[in-house]
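The block underneath contains the structure these notes are about, expressed in structure tokens.
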Protein chains: 2
Amino acid sequence: MSVRYAILGLLHYRNMHGYEIKRHIENHFGSMWTINYGQIYPNLKSMEEEGCITLDNVTPSERGGPHKKLYAITPMGQEKFKTWLESEENTRISLRDPFLMRFIFFGFGNQEQALANIDNQLKIQEKQLESRRQHLKRWQARGKYVRLVAELGEEFNSGYIKWLKRARQEIMDIQDD
Amino acid sequence: MSVRYAILGLLHYRNMHGYEIKRHIENHFGSMWTINYGQIYPNLKSMEEEGCITLDNVTPSERGGPHKKLYAITPMGQEKFKTWLESEENTRISLRDPFLMRFIFFGFGNQEQALANIDNQLKIQEKQLESRRQHLKRWQARGKYVRLVAELGEEFNSGYIKWLKRARQEIMDIQDD
DNA sequence: TCTACCATGTAATCTGTTACATGATTGC
DNA sequence: GCAATCATGTAACAGATTACATGGTAGA
């Protein structure tokens with residue numbers, strides 16, 4: 001459950017509320033993860049119950065229920081985070097990409113379809129690379145670890161694009177394989 | 001649910017049983033996916049009920065229940081597969097790597113721990129690259145699409161290693177950031 | 001004989017996604 | 001006044017992992 005540790009990690013920088021945590025995970029982790037409120041809020045709730053985090057401040061809205069809940073990490077949360085940080089749990093890189101899954105079977109379809117599909121993927125990846133680069137510029141000063149992960153994201157992205165172009169060429173060159 | 005399409009795709013090559021499908025997905029898809037029986041067998045069952053695949057042959061063991069169920073794709077399965085293959089469902093590459101998640105927060109731990117953690121990851125990645133290369137040699141003749149995906153796996157893998165080495169160097173060089 | 005691998009399956013659990021519901025605030 | 005974005009939350013569902021249970025076969 002690394003979402004919980006991501007939250008504990010982010011709370012080391014400063015106290016945050018759920019909405020901010022989501023934004024941070026999506027933007028500042030090299031744009032390699034997505035996350036939804038369905039994960040954030042239930043986790044914040046259970047982590048508070050366990051005592052890893054605590055409510056620092058609740059800004060109520062004028063009329064109506066509570067609004068903007070600021071969370072802070074507790075000493076217990078810091079302890080748990082430290083243990084996790086020092087652990088050596090490692091898995092292989094897993095790349096679950098629906099496009100690649102289809103790509104493997106392009107031999108069972110027709111060539112034009114395959115090329116159109118590749119062009120579409122190229123467009124998406126190029127757009128993503130552009131936004132990654134913009135992001136890197138803005139976040140370069142955020143500490144070397146964050147920057148390095150953003151750089152890895154960029155490298156994977158541009159490597160993927162190069163590969164797509166090469167794949168496209170190979171499919172056009174050799175009709176039969 | 002791309003597992004189902006992966007199964008339909010593999011059954012285009014030849015009839016297979018669950019165990020083989022698992023092996024194929026793990027070894028021949030560029031070693032980028034893992035899968036477990038908890039996904040394979042229930043899916044085979046429901047796909048058979050839906051009529052996408054059919055039992056071709058059941059080799060019974062001498063005494064005891066059925067053994068080795070060979071599945072074949074049906075015309076309906078081929079239809080479904082074709083529709084999926086021509087679709088353009090695309091998502092961003094998502095890289096959920098527990099190591100990278102920890103890496104981002106290495107600034108909150110100590111340097112030696114970070115370096116040891118990186119060295120460990122390097123060892124794992126290098127071992128994986130070696131097995132990928134062995135695999136590529138054996139599978140080069142399996143058709144260009146399969147080969148290309150295997151090559152992408154190799155490129156990601158060696159890119160990751162290069163990045164790990166650079167990250168290690170940067171962490172050693174600059175004490176403060 | 002024992003180990004490794006072949007082979008099928010289920011149940012419990014965990015994780016992640018989508019869709020919905022609600023309402024405040026900010027800027028044009 | 002309206003759109004975009006800030007903000008919190010839940011319910012239903014989909015997908016993946018782990019652990020368990022069972023037994024066969026091949027080779028050292």
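Residues are named by chain letter and number: chains run A, B, ... in the order of the structure tokens, numbers start at 1 in each chain, and ligands are numbered from 1 in the order shown.
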At a cut-off of 9 Å, can you tabulate as a Markdown table every residue of chain D near stretch 8-26 of chain C together with its closest atom pair and the distance in Å to one decimal, using only C-alpha atoms (C1' of nucleotides) and ordering rows by chain then number?
```
| residue | atom | partner | partner_atom | distance |
| --- | --- | --- | --- | --- |
| D:DA4 | C1' | C:DT26 | C1' | 8.6 |
| D:DT5 | C1' | C:DT26 | C1' | 8.1 |
| D:DC6 | C1' | C:DT25 | C1' | 7.1 |
| D:DA7 | C1' | C:DA24 | C1' | 7.8 |
| D:DT8 | C1' | C:DT22 | C1' | 8.6 |
| D:DG9 | C1' | C:DA21 | C1' | 8.5 |
| D:DT10 | C1' | C:DC20 | C1' | 8.4 |
| D:DA11 | C1' | C:DC20 | C1' | 8.4 |
| D:DA12 | C1' | C:DA19 | C1' | 8.7 |
| D:DC13 | C1' | C:DT18 | C1' | 8.1 |
| D:DA14 | C1' | C:DT17 | C1' | 7.5 |
| D:DG15 | C1' | C:DG16 | C1' | 7.7 |
| D:DA16 | C1' | C:DT15 | C1' | 7.6 |
| D:DT17 | C1' | C:DC14 | C1' | 7.5 |
| D:DT18 | C1' | C:DT13 | C1' | 8.0 |
| D:DA19 | C1' | C:DA12 | C1' | 8.6 |
| D:DC20 | C1' | C:DT10 | C1' | 8.4 |
| D:DA21 | C1' | C:DG9 | C1' | 8.5 |
| D:DT22 | C1' | C:DT8 | C1' | 8.5 |
```
Residue hits in chain B, query chain C, radius 8 Å, only C-alpha atoms (C1' of nucleotides), as a PyMOL selection string:
chain B and resi 19+41+67-68
Could you please take those selected residues and save C-alpha atoms as a compact mmCIF listing (two decimals), in the first residue's frame?
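Saved as part-v4.txt:
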```
# COMPACT_ATOMS: atom_id res chain seq x y z
CA TYR B 19 -0.51 -22.98 -17.50
CA TYR B 41 -8.44 -19.73 -14.59
CA HIS B 67 -6.33 -32.77 -16.37
CA LYS B 68 -4.82 -30.45 -18.96
```
Interface, chain B side, toward chain A (6 Å; only C-alpha atoms) as a PDB file with C-alpha atoms, in the first residue's frame:
```pdb
ATOM      1  CA  MET B  32       6.884  -6.631 -18.693  1.00  0.00           C
ATOM      2  CA  TRP B  33       3.782  -8.240 -17.237  1.00  0.00           C
ATOM      3  CA  LEU B  85      -7.222  -4.769 -31.837  1.00  0.00           C
ATOM      4  CA  ASN B  90      -4.586   4.494 -24.958  1.00  0.00           C
ATOM      5  CA  ILE B  93       2.648   4.739 -19.397  1.00  0.00           C
ATOM      6  CA  SER B  94       2.292   4.162 -15.705  1.00  0.00           C
ATOM      7  CA  LEU B  95       5.320   3.041 -13.820  1.00  0.00           C
ATOM      8  CA  PHE B  99      11.687   1.520  -5.437  1.00  0.00           C
ATOM      9  CA  ARG B 102      10.952   5.337  -1.983  1.00  0.00           C
ATOM     10  CA  ILE B 104      11.650  10.271  -4.181  1.00  0.00           C
ATOM     11  CA  GLY B 143       7.773 -12.267 -35.499  1.00  0.00           C
ATOM     12  CA  TYR B 145       5.985  -7.369 -33.147  1.00  0.00           C
ATOM     13  CA  VAL B 146       6.956  -9.729 -30.382  1.00  0.00           C
ATOM     14  CA  ASP B 177      20.989  20.111  -2.569  1.00  0.00           C
TER      15      ASP B 177
END
```
Step one, run DSSP on the backbone; step two, keep only residues of stretch 13-89 of chain A assigned to strand (DSSP E or B); then write them as a PyMOL selection string.
chain A and resi 16+53-60+66-73
Write the residues of the preceding selection, restricted to N, CA, C and O atoms, as a tab-separated table (two decimals), in the first residue's frame.
```
chain	number	residue	atom	x	y	z
A	16	MET	N	-0.78	19.12	4.70
A	16	MET	CA	-1.54	19.23	3.46
A	16	MET	C	-2.95	18.68	3.66
A	16	MET	O	-3.20	17.91	4.57
A	53	ILE	N	-1.38	9.94	11.17
A	53	ILE	CA	-1.54	11.36	10.85
A	53	ILE	C	-2.60	11.95	11.79
A	53	ILE	O	-3.35	11.21	12.42
A	54	THR	N	-2.61	13.26	11.85
A	54	THR	CA	-3.57	13.90	12.75
A	54	THR	C	-4.08	15.19	12.11
A	54	THR	O	-3.40	15.80	11.29
A	55	LEU	N	-5.28	15.56	12.49
A	55	LEU	CA	-5.85	16.80	11.96
A	55	LEU	C	-5.14	17.97	12.62
A	55	LEU	O	-5.05	18.06	13.84
A	56	ASP	N	-4.63	18.86	11.78
A	56	ASP	CA	-3.89	20.00	12.31
A	56	ASP	C	-4.84	21.17	12.46
A	56	ASP	O	-4.72	21.99	13.34
A	57	ASN	N	-5.78	21.22	11.54
A	57	ASN	CA	-6.59	22.42	11.46
A	57	ASN	C	-7.76	22.13	10.54
A	57	ASN	O	-7.62	21.52	9.51
A	58	VAL	N	-8.92	22.55	10.95
A	58	VAL	CA	-10.07	22.42	10.06
A	58	VAL	C	-10.67	23.81	9.84
A	58	VAL	O	-11.11	24.44	10.78
A	59	THR	N	-10.58	24.27	8.61
A	59	THR	CA	-11.17	25.56	8.28
A	59	THR	C	-12.62	25.35	7.92
A	59	THR	O	-12.92	24.77	6.89
A	60	PRO	N	-13.54	25.79	8.77
A	60	PRO	CA	-14.94	25.55	8.44
A	60	PRO	C	-15.43	26.58	7.44
A	60	PRO	O	-14.95	27.71	7.40
A	66	PRO	N	-17.81	20.96	7.81
A	66	PRO	CA	-16.38	21.26	7.82
A	66	PRO	C	-15.81	21.29	6.41
A	66	PRO	O	-16.33	20.68	5.50
A	67	HIS	N	-14.73	22.00	6.26
A	67	HIS	CA	-14.17	22.25	4.95
A	67	HIS	C	-12.66	22.35	5.10
A	67	HIS	O	-12.19	22.90	6.07
A	68	LYS	N	-11.92	21.85	4.16
A	68	LYS	CA	-10.46	21.97	4.15
A	68	LYS	C	-9.85	21.42	5.43
A	68	LYS	O	-9.64	22.13	6.42
A	69	LYS	N	-9.58	20.14	5.39
A	69	LYS	CA	-8.97	19.51	6.56
A	69	LYS	C	-7.47	19.37	6.35
A	69	LYS	O	-7.02	18.63	5.48
A	70	LEU	N	-6.70	20.06	7.17
A	70	LEU	CA	-5.25	19.99	7.08
A	70	LEU	C	-4.74	18.83	7.91
A	70	LEU	O	-5.07	18.72	9.10
A	71	TYR	N	-3.93	17.97	7.31
A	71	TYR	CA	-3.39	16.84	8.04
A	71	TYR	C	-1.91	17.05	8.32
A	71	TYR	O	-1.18	17.65	7.53
A	72	ALA	N	-1.47	16.51	9.47
A	72	ALA	CA	-0.05	16.55	9.83
A	72	ALA	C	0.39	15.14	10.18
A	72	ALA	O	-0.41	14.31	10.59
A	73	ILE	N	1.68	14.87	10.00
A	73	ILE	CA	2.21	13.55	10.35
A	73	ILE	C	2.50	13.50	11.84
A	73	ILE	O	2.90	14.50	12.44
```
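Atom CA of B:Ile21 sits 7.9 Å away from atom CA of B:Ile40.
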Nearest to chain D by atom-to-atom distance, counting only C-alpha atoms (C1' of nucleotides), from B:Gly18, B:Pro75, B:Gly38, B:Gly51:
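Of all the options, B:Gly38 lies closest to chain D.
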Measure the distance from atom CA of B:Ile25 to atom CA of A:Ile35 in Å and round it to one decimal.
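Interatomic distance here is 26.7 Å.
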Record the distance separating atom CA of A:Gln39 and atom CA of A:Leu11, expressed in Å with one decimal.
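Straight-line distance from atom CA of A:Gln39 to atom CA of A:Leu11 works out to 16.5 Å.
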Counting only C-alpha atoms (C1' of nucleotides), the residue among A:Arg23, A:Arg14, A:Arg132, A:Arg4 that lies closest to chain D is A:Arg23
Residue with smallest distance to chain D - pool B:Asn27, B:Asn43, B:Asn15, B:Thr74, counting only C-alpha atoms (C1' of nucleotides)
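Ranked by minimum distance to chain D, first place goes to B:Asn43.
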